[in-house]
>>> print(open('input_38.cif').read())   # mmCIF, C-alpha atoms
data_final
#
loop_
_atom_site.label_atom_id
_atom_site.label_comp_id
_atom_site.auth_asym_id
_atom_site.auth_seq_id
_atom_site.Cartn_x
_atom_site.Cartn_y
_atom_site.Cartn_z
CA MET A 75 -3.77 -12.38 -10.82
CA ARG A 76 -0.60 -14.36 -10.19
CA LYS A 77 0.06 -17.48 -12.23
CA ALA A 78 -0.10 -19.75 -9.15
CA ALA A 79 -3.54 -18.40 -8.26
CA VAL A 80 -4.79 -18.89 -11.83
CA VAL A 81 -3.50 -22.47 -11.88
CA ALA A 82 -5.20 -23.18 -8.55
CA LEU A 83 -8.51 -21.85 -9.87
CA LEU A 84 -8.24 -23.96 -13.01
CA ILE A 85 -7.55 -27.06 -10.94
CA VAL A 86 -10.57 -26.45 -8.75
CA ALA A 87 -12.75 -25.81 -11.80
CA GLY A 88 -11.53 -28.96 -13.54
CA LEU A 89 -12.08 -31.20 -10.54
CA THR A 90 -15.48 -29.69 -9.84
CA ALA A 91 -16.55 -30.27 -13.44
CA TYR A 92 -15.35 -33.85 -13.35
CA ALA A 93 -17.03 -34.56 -10.02
CA SER A 94 -20.34 -33.11 -11.21
CA GLY A 95 -20.29 -35.13 -14.41
CA ARG A 96 -19.82 -32.23 -16.81
CA ALA A 97 -16.40 -33.49 -17.91
CA GLU A 98 -17.50 -36.79 -19.42
CA THR A 99 -14.99 -39.44 -20.42
CA SER A 100 -15.31 -42.37 -22.76
CA LEU A 101 -12.95 -45.19 -23.58
CA ASP A 102 -13.91 -44.64 -27.21
CA ASP A 103 -12.05 -41.34 -27.03
CA LEU A 104 -8.72 -43.11 -26.50
CA GLU A 105 -7.98 -43.88 -30.14
CA PRO A 106 -5.25 -43.43 -31.15
CA SER A 107 -3.00 -43.72 -28.12
CA LEU A 108 0.49 -43.51 -29.59
CA TYR A 109 3.16 -43.89 -26.93
CA LEU A 110 5.09 -40.65 -26.41
CA PRO A 111 8.40 -41.10 -24.57
CA ARG A 112 9.58 -38.43 -22.10
CA SER A 113 6.10 -36.92 -21.71
CA HIS A 114 4.75 -36.23 -18.22
CA SER A 115 1.35 -34.67 -17.52
CA HIS A 116 1.93 -32.47 -14.48
CA ASN A 117 -1.16 -32.17 -12.24
CA ASP A 118 -2.98 -34.33 -14.76
CA TYR A 119 -6.18 -34.22 -12.69
CA ALA A 120 -6.48 -30.51 -13.59
CA GLN A 121 -7.02 -31.36 -17.26
CA SER A 122 -10.57 -31.27 -18.59
CA ARG A 123 -10.49 -35.07 -18.98
CA PRO A 124 -7.97 -36.51 -16.52
CA LEU A 125 -6.03 -39.58 -17.67
CA VAL A 126 -8.06 -40.01 -20.87
CA ASP A 127 -6.51 -37.07 -22.72
CA ALA A 128 -3.03 -38.01 -21.49
CA LEU A 129 -3.42 -41.52 -22.87
CA ARG A 130 -4.94 -40.21 -26.11
CA ARG A 131 -1.67 -38.39 -26.61
CA GLY A 132 0.34 -41.40 -25.49
CA PHE A 133 1.82 -39.67 -22.45
CA ALA A 134 4.33 -41.85 -20.66
CA SER A 135 3.61 -40.49 -17.19
CA VAL A 136 0.79 -38.75 -15.31
CA GLU A 137 0.92 -37.04 -11.93
CA VAL A 138 -1.83 -37.01 -9.32
CA ASP A 139 -1.84 -35.28 -5.91
CA VAL A 140 -3.59 -37.17 -3.10
CA PHE A 141 -4.76 -36.46 0.45
CA LEU A 142 -5.88 -39.05 2.97
CA VAL A 143 -9.24 -37.88 4.35
CA ASP A 144 -11.38 -40.12 6.58
CA GLY A 145 -9.71 -43.20 5.16
CA ALA A 146 -10.17 -42.22 1.50
CA LEU A 147 -7.48 -41.13 -0.95
CA LEU A 148 -8.85 -37.94 -2.45
CA VAL A 149 -7.42 -36.08 -5.44
CA ALA A 150 -6.81 -32.34 -5.06
CA HIS A 151 -4.11 -29.70 -5.24
CA GLU A 152 -4.78 -28.25 -1.79
CA ALA A 153 -6.35 -29.71 1.34
CA ASP A 154 -9.30 -27.31 1.24
CA GLU A 155 -10.16 -28.41 -2.31
CA VAL A 156 -10.84 -32.09 -1.62
CA SER A 157 -14.17 -33.63 -2.53
CA PRO A 158 -15.31 -37.09 -1.37
CA SER A 159 -16.46 -37.80 -4.93
CA VAL A 160 -13.02 -37.26 -6.48
CA THR A 161 -10.94 -40.27 -5.47
CA LEU A 162 -7.78 -41.95 -6.70
CA ARG A 163 -9.83 -45.07 -7.37
CA GLY A 164 -12.50 -43.34 -9.42
CA LEU A 165 -10.30 -40.92 -11.32
CA TYR A 166 -7.36 -43.20 -12.12
CA LEU A 167 -7.29 -46.77 -10.85
CA ASP A 168 -10.71 -47.97 -12.03
CA PRO A 169 -10.38 -46.33 -15.47
CA LEU A 170 -6.88 -47.76 -15.85
CA ARG A 171 -8.16 -51.27 -15.18
CA ALA A 172 -10.82 -50.81 -17.86
CA ILE A 173 -8.31 -49.38 -20.33
CA VAL A 174 -5.79 -52.17 -19.75
CA SER A 175 -8.53 -54.76 -20.22
CA ARG A 176 -9.64 -53.12 -23.43
CA ASN A 177 -6.08 -53.01 -24.79
CA GLY A 178 -5.37 -56.63 -23.96
CA GLY A 179 -2.97 -55.95 -21.10
CA SER A 180 -1.49 -52.53 -21.89
CA ALA A 181 -2.29 -48.92 -21.05
CA TYR A 182 -1.66 -48.11 -24.73
CA SER A 183 -3.17 -49.50 -27.90
CA ASP A 184 0.14 -49.37 -29.78
CA SER A 185 2.78 -50.10 -27.14
CA ASN A 186 3.58 -52.46 -24.29
CA GLN A 187 5.47 -49.75 -22.42
CA PRO A 188 4.18 -49.22 -18.87
CA LEU A 189 2.42 -46.04 -17.83
CA GLN A 190 4.04 -44.28 -14.88
CA LEU A 191 1.48 -43.10 -12.31
CA LEU A 192 3.30 -40.58 -10.12
CA VAL A 193 1.36 -40.29 -6.86
CA ASP A 194 2.33 -37.09 -5.05
CA VAL A 195 1.37 -37.49 -1.39
CA LYS A 196 0.23 -34.23 0.18
CA SER A 197 -0.94 -35.54 3.57
CA GLU A 198 1.00 -37.29 6.34
CA ALA A 199 3.45 -39.79 4.86
CA GLY A 200 2.92 -42.92 6.98
CA PRO A 201 -0.89 -43.12 7.18
CA THR A 202 -1.29 -42.07 3.54
CA TYR A 203 1.14 -44.71 2.34
CA ARG A 204 -0.59 -47.43 4.38
CA ALA A 205 -3.93 -46.48 2.84
CA LEU A 206 -2.34 -46.42 -0.61
CA HIS A 207 -0.77 -49.85 -0.13
CA GLU A 208 -4.11 -51.28 0.96
CA THR A 209 -5.86 -49.66 -2.00
CA LEU A 210 -3.31 -50.89 -4.53
CA GLN A 211 -3.78 -54.47 -3.33
CA ASP A 212 -7.14 -54.34 -5.12
CA TYR A 213 -5.40 -53.60 -8.43
CA THR A 214 -2.57 -56.10 -8.50
CA ASP A 215 -3.74 -57.34 -11.91
CA ILE A 216 -2.55 -54.10 -13.57
CA LEU A 217 0.37 -53.06 -11.35
CA THR A 218 4.08 -53.72 -11.38
CA SER A 219 5.04 -55.29 -8.06
CA TRP A 220 8.31 -56.08 -6.34
CA THR A 221 9.50 -58.75 -3.91
CA ASN A 222 12.91 -59.79 -2.63
CA THR A 223 13.27 -62.02 -5.69
CA GLY A 224 12.60 -59.32 -8.28
CA ALA A 225 9.90 -57.44 -10.14
CA GLY A 226 6.60 -58.64 -11.56
CA PRO A 227 6.10 -56.30 -14.54
CA GLY A 228 2.68 -54.78 -15.07
CA PRO A 229 1.19 -52.18 -17.42
CA VAL A 230 1.15 -49.51 -14.67
CA VAL A 231 4.10 -48.49 -12.49
CA VAL A 232 3.18 -46.48 -9.39
CA VAL A 233 5.91 -44.14 -8.16
CA LEU A 234 5.52 -42.46 -4.78
CA SER A 235 6.47 -38.79 -4.57
CA GLY A 236 5.88 -35.91 -2.18
CA ASN A 237 5.62 -37.05 1.46
CA ARG A 238 7.19 -40.49 1.06
CA ALA A 239 7.17 -43.12 3.79
CA THR A 240 10.54 -44.38 2.60
CA ARG A 241 11.25 -46.87 5.38
CA LEU A 242 7.78 -48.38 5.19
CA VAL A 243 8.12 -48.85 1.45
CA GLU A 244 11.54 -50.49 1.79
CA SER A 245 10.28 -52.87 4.47
CA GLU A 246 7.38 -54.28 2.44
CA PRO A 247 7.75 -57.99 1.53
CA VAL A 248 5.57 -57.22 -1.48
CA ARG A 249 5.36 -53.63 -2.61
CA TYR A 250 3.31 -51.93 -5.29
CA VAL A 251 5.17 -48.63 -5.44
CA ALA A 252 8.66 -47.43 -6.22
CA LEU A 253 10.14 -44.21 -4.83
CA ASP A 254 10.78 -40.84 -6.39
CA GLY A 255 14.20 -39.69 -5.17
CA ARG A 256 15.69 -36.32 -4.32
CA ALA A 257 19.01 -35.01 -5.52
CA GLU A 258 20.18 -34.12 -2.02
CA GLU A 259 19.39 -37.42 -0.30
CA ASP A 260 21.65 -40.42 0.17
CA ARG A 261 20.57 -42.97 -2.43
CA SER A 262 23.54 -45.30 -2.06
CA ALA A 263 21.56 -47.95 -0.17
CA MET A 264 18.64 -47.88 -2.61
CA THR A 265 18.72 -49.81 -5.84
CA ALA A 266 17.09 -48.50 -8.98
CA ASP A 267 14.26 -50.99 -8.42
CA VAL A 268 13.40 -49.22 -5.17
CA MET A 269 14.12 -45.69 -6.40
CA PRO A 270 14.01 -45.63 -10.22
CA LEU A 271 13.40 -41.90 -10.53
CA VAL A 272 15.02 -38.70 -9.21
CA SER A 273 13.06 -35.45 -9.35
CA VAL A 274 14.79 -32.09 -9.12
CA ASP A 275 13.32 -28.62 -8.62
CA TRP A 276 14.36 -26.65 -11.71
CA GLU A 277 14.78 -23.50 -9.64
CA SER A 278 17.23 -25.31 -7.36
CA VAL A 279 19.69 -25.74 -10.25
CA GLU A 280 21.66 -22.62 -9.43
CA ALA A 281 23.58 -20.78 -12.13
CA GLN A 282 24.44 -17.27 -13.26
CA SER A 283 22.97 -17.72 -16.74
CA GLU A 284 20.58 -19.95 -18.62
CA ASN A 285 23.47 -21.68 -20.37
CA GLU A 286 25.13 -22.42 -17.03
CA ARG A 287 21.86 -23.81 -15.67
CA LEU A 288 21.50 -26.09 -18.68
CA ALA A 289 25.09 -27.28 -18.21
CA ALA A 290 24.47 -27.96 -14.52
CA ALA A 291 21.25 -29.80 -15.37
CA ARG A 292 23.07 -31.93 -17.90
CA SER A 293 25.62 -32.91 -15.24
CA LEU A 294 22.79 -33.99 -12.92
CA VAL A 295 21.22 -36.06 -15.67
CA GLU A 296 24.53 -37.80 -16.34
CA ARG A 297 25.04 -38.51 -12.63
CA PHE A 298 21.58 -40.00 -12.09
CA HIS A 299 21.74 -42.00 -15.30
CA ALA A 300 25.05 -43.44 -14.11
CA GLU A 301 23.15 -44.67 -11.04
CA GLY A 302 20.64 -46.39 -13.32
CA ARG A 303 17.83 -43.94 -12.51
CA LYS A 304 15.57 -41.78 -14.63
CA VAL A 305 15.38 -38.00 -14.21
CA ARG A 306 12.59 -35.44 -14.01
CA PHE A 307 12.89 -31.71 -13.42
CA TRP A 308 9.81 -30.18 -11.87
CA GLY A 309 8.81 -26.54 -12.10
CA THR A 310 10.18 -26.11 -15.61
CA PRO A 311 8.47 -23.38 -17.67
CA ASP A 312 6.33 -24.51 -20.60
CA ARG A 313 8.77 -23.18 -23.21
CA ALA A 314 9.57 -24.96 -26.46
CA ALA A 315 13.24 -23.91 -26.41
CA LEU A 316 13.70 -25.35 -22.92
CA TRP A 317 11.87 -28.54 -23.84
CA ARG A 318 14.24 -29.00 -26.77
CA SER A 319 17.21 -28.59 -24.44
CA LEU A 320 15.77 -31.12 -21.99
CA VAL A 321 15.27 -33.62 -24.79
CA ALA A 322 18.83 -33.04 -25.99
CA MET A 323 20.32 -33.71 -22.57
CA GLY A 324 18.33 -36.92 -22.18
CA VAL A 325 15.80 -35.95 -19.50
CA ASP A 326 13.47 -38.92 -19.12
CA TYR A 327 10.26 -37.11 -18.14
CA ILE A 328 9.43 -33.57 -19.25
CA GLY A 329 6.54 -32.17 -17.25
CA THR A 330 3.92 -29.84 -18.66
CA ASP A 331 0.54 -28.33 -17.88
CA ASP A 332 -0.02 -28.01 -21.64
CA PRO A 333 0.07 -31.57 -23.05
CA ARG A 334 -0.97 -30.53 -26.55
CA ARG A 335 2.04 -28.21 -26.94
CA LEU A 336 4.47 -30.78 -25.59
CA GLN A 337 3.07 -33.42 -27.92
CA ARG A 338 3.72 -31.13 -30.87
CA LEU A 339 7.24 -30.34 -29.73
CA LEU A 340 8.18 -33.98 -29.25
CA GLN A 341 6.81 -34.76 -32.69
CA GLU A 342 9.00 -32.05 -34.16
CA VAL A 343 12.12 -33.56 -32.64
CA GLY A 344 11.26 -37.02 -33.88
CA ASP A 345 9.39 -38.82 -31.10
CA LEU A 346 6.22 -39.23 -33.16
CA PRO A 347 5.34 -39.51 -36.80
CA ALA A 348 3.76 -36.33 -38.15
CA SER A 349 0.42 -38.10 -38.62
CA ALA A 350 0.15 -38.64 -34.87
CA VAL A 351 -0.09 -34.99 -33.93
CA GLU A 352 -3.57 -33.91 -32.97
CA GLU A 353 -4.94 -30.93 -34.85
#
>>> encode(input="input_38.cif", output="structure tokens")
Amino acid sequence: MRKAAVVALLIVAGLTAYASGRAETSLDDLEPSLYLPRSHSHNDYAQSRPLVDALRRGFASVEVDVFLVDGALLVAHEADEVSPSVTLRGLYLDPLRAIVSRNGGSAYSDSNQPLQLLVDVKSEAGPTYRALHETLQDYTDILTSWTNTGAGPGPVVVVLSGNRATRLVESEPVRYVALDGRAEEDRSAMTADVMPLVSVDWESVEAQSENERLAAARSLVERFHAEGRKVRFWGTPDRAALWRSLVAMGVDYIGTDDPRRLQRLLQEVGDLPASAVEE
């Protein structure tokens, strides 16, 4: 069976287990939640305990795919996998409010750094964004927001990826999302407040050898950092040697489907004290 098919089956199994109550979560399971820079839980909803395990490991960013179905924002990898019981509210927003309340205003027990919630829109951009904006208005107490006069920092930063309604986002007098950029688009008119992140398909970094690809990736990182933006490569293999190279070149978010392995690797290169690594 191909890797993509296996991943899809695991995602379906994880979401089904969560929706049926077999994958139980508890806020008591969050200790300790040591903040882990550069860590990004790709397709976090496919983990056995979405959000909770990411925060237990102190992950700086989690990714969730959403579809707009009959007015609800449902979490799934593919359109035919949606379930009305698996919602963005229930899986992420409501638990985050409880976690922030428990931690006295932070997503983490040991850090005031914000958690990045990367919302990857899989359905039509405009209607899905409007539904997301309306939904996020119910969670303004935990969200970073932006107006023409600046940002109101919060413990959760929502970044819109996938099918982005860019013009709608830019036109909001008060917005609750920032934008995930693309390497090929014109970003000159967008400040880092509007588009703080640029995501690049790893396979699109063309080169004749692995060393050339790493050099090209480093150049991209330097260019986006010069613009004041953070960088994420998506589609990177879960390989320790590559992760080390990404850390060395200053990549801001390293995505993985294996959070335990990435946690260990980042500890080895100095992001965590040895005592923080889960056995």
>>> closest_atom_pairs(input="input_38.cif", of="region 157-181 of chain A", to="region 210-213 of chain A", cutoff="10 Å", atoms="all atoms listed in the file", output="JSON lines")
{"residue": "A:Arg163", "atom": "CA", "partner": "A:Leu210", "partner_atom": "CA", "distance": 9.2}
{"residue": "A:Leu167", "atom": "CA", "partner": "A:Tyr213", "partner_atom": "CA", "distance": 7.5}
{"residue": "A:Asp168", "atom": "CA", "partner": "A:Tyr213", "partner_atom": "CA", "distance": 8.5}
{"residue": "A:Leu170", "atom": "CA", "partner": "A:Tyr213", "partner_atom": "CA", "distance": 9.6}
{"residue": "A:Arg171", "atom": "CA", "partner": "A:Tyr213", "partner_atom": "CA", "distance": 7.7}
>>> residues_around(input="input_38.cif", residues="Arg238 (chain A)", least_positions_apart="5", cutoff="9 Å", atoms="only C-alpha atoms", output="list in words")
Asp194, Val195, Glu198, Ala199, Gly200, Thr202, Tyr203, Val243, Leu253 and Asp254 of chain A
>>> residues_around(input="input_38.cif", residues="region 222-227 of chain A", least_positions_apart="2", cutoff="9 Å", atoms="all atoms listed in the file", output="CSV table (one decimal) with C-alpha atoms, in the coordinates of the input")
chain,number,residue,atom,x,y,z
A,188,PRO,CA,4.2,-49.2,-18.9
A,216,ILE,CA,-2.6,-54.1,-13.6
A,217,LEU,CA,0.4,-53.1,-11.4
A,218,THR,CA,4.1,-53.7,-11.4
A,219,SER,CA,5.0,-55.3,-8.1
A,220,TRP,CA,8.3,-56.1,-6.3
A,229,PRO,CA,1.2,-52.2,-17.4
A,230,VAL,CA,1.2,-49.5,-14.7
A,231,VAL,CA,4.1,-48.5,-12.5
A,247,PRO,CA,7.8,-58.0,1.5
A,248,VAL,CA,5.6,-57.2,-1.5
A,267,ASP,CA,14.3,-51.0,-8.4
>>> residues_around(input="input_38.cif", residues="Thr330 (chain A)", least_positions_apart="2", cutoff="6 Å", atoms="only C-alpha atoms", output="MDAnalysis selection string")
chainID A and resid 115:116 332
>>> resolve_selection(input="input_38.cif", expression="the PyMOL selection byres ((chain A and resi 132) around 8)", output="list in words")
Ser107, Leu108, Tyr109, Leu110, Ala128, Leu129, Arg130, Arg131, Phe133, Ala134 and Tyr182 of chain A
>>> residues_near_point(input="input_38.cif", point="(18.9, -36.9, -19.9)", cutoff="12 Å", atoms="all atoms listed in the file", output="ChimeraX atom specification")
/A:112,271-272,288-300,302-307,317-328
>>> closest_residue(input="input_38.cif", among="A:Val174, A:Tyr119, A:Glu208, A:Pro124", to="Gly145 (chain A)", atoms="all atoms listed in the file")
A:Glu208
>>> atom_distance(input="input_38.cif", atom1="CA of Ser113 (chain A)", atom2="CA of Ala172 (chain A)")
22.2 Å
>>> closest_residue(input="input_38.cif", among="A:Gly236, A:Gly164, A:Gly228, A:Pro201", to="Thr214 (chain A)", atoms="all atoms listed in the file")
A:Gly228
>>> closest_residue(input="input_38.cif", among="A:Gly255, A:Gly309, A:Met264, A:Val193", to="Ser278 (chain A)", atoms="all atoms listed in the file")
A:Gly309
>>> atom_distance(input="input_38.cif", atom1="CA of Val156 (chain A)", atom2="CA of Ser122 (chain A)")
17.0 Å
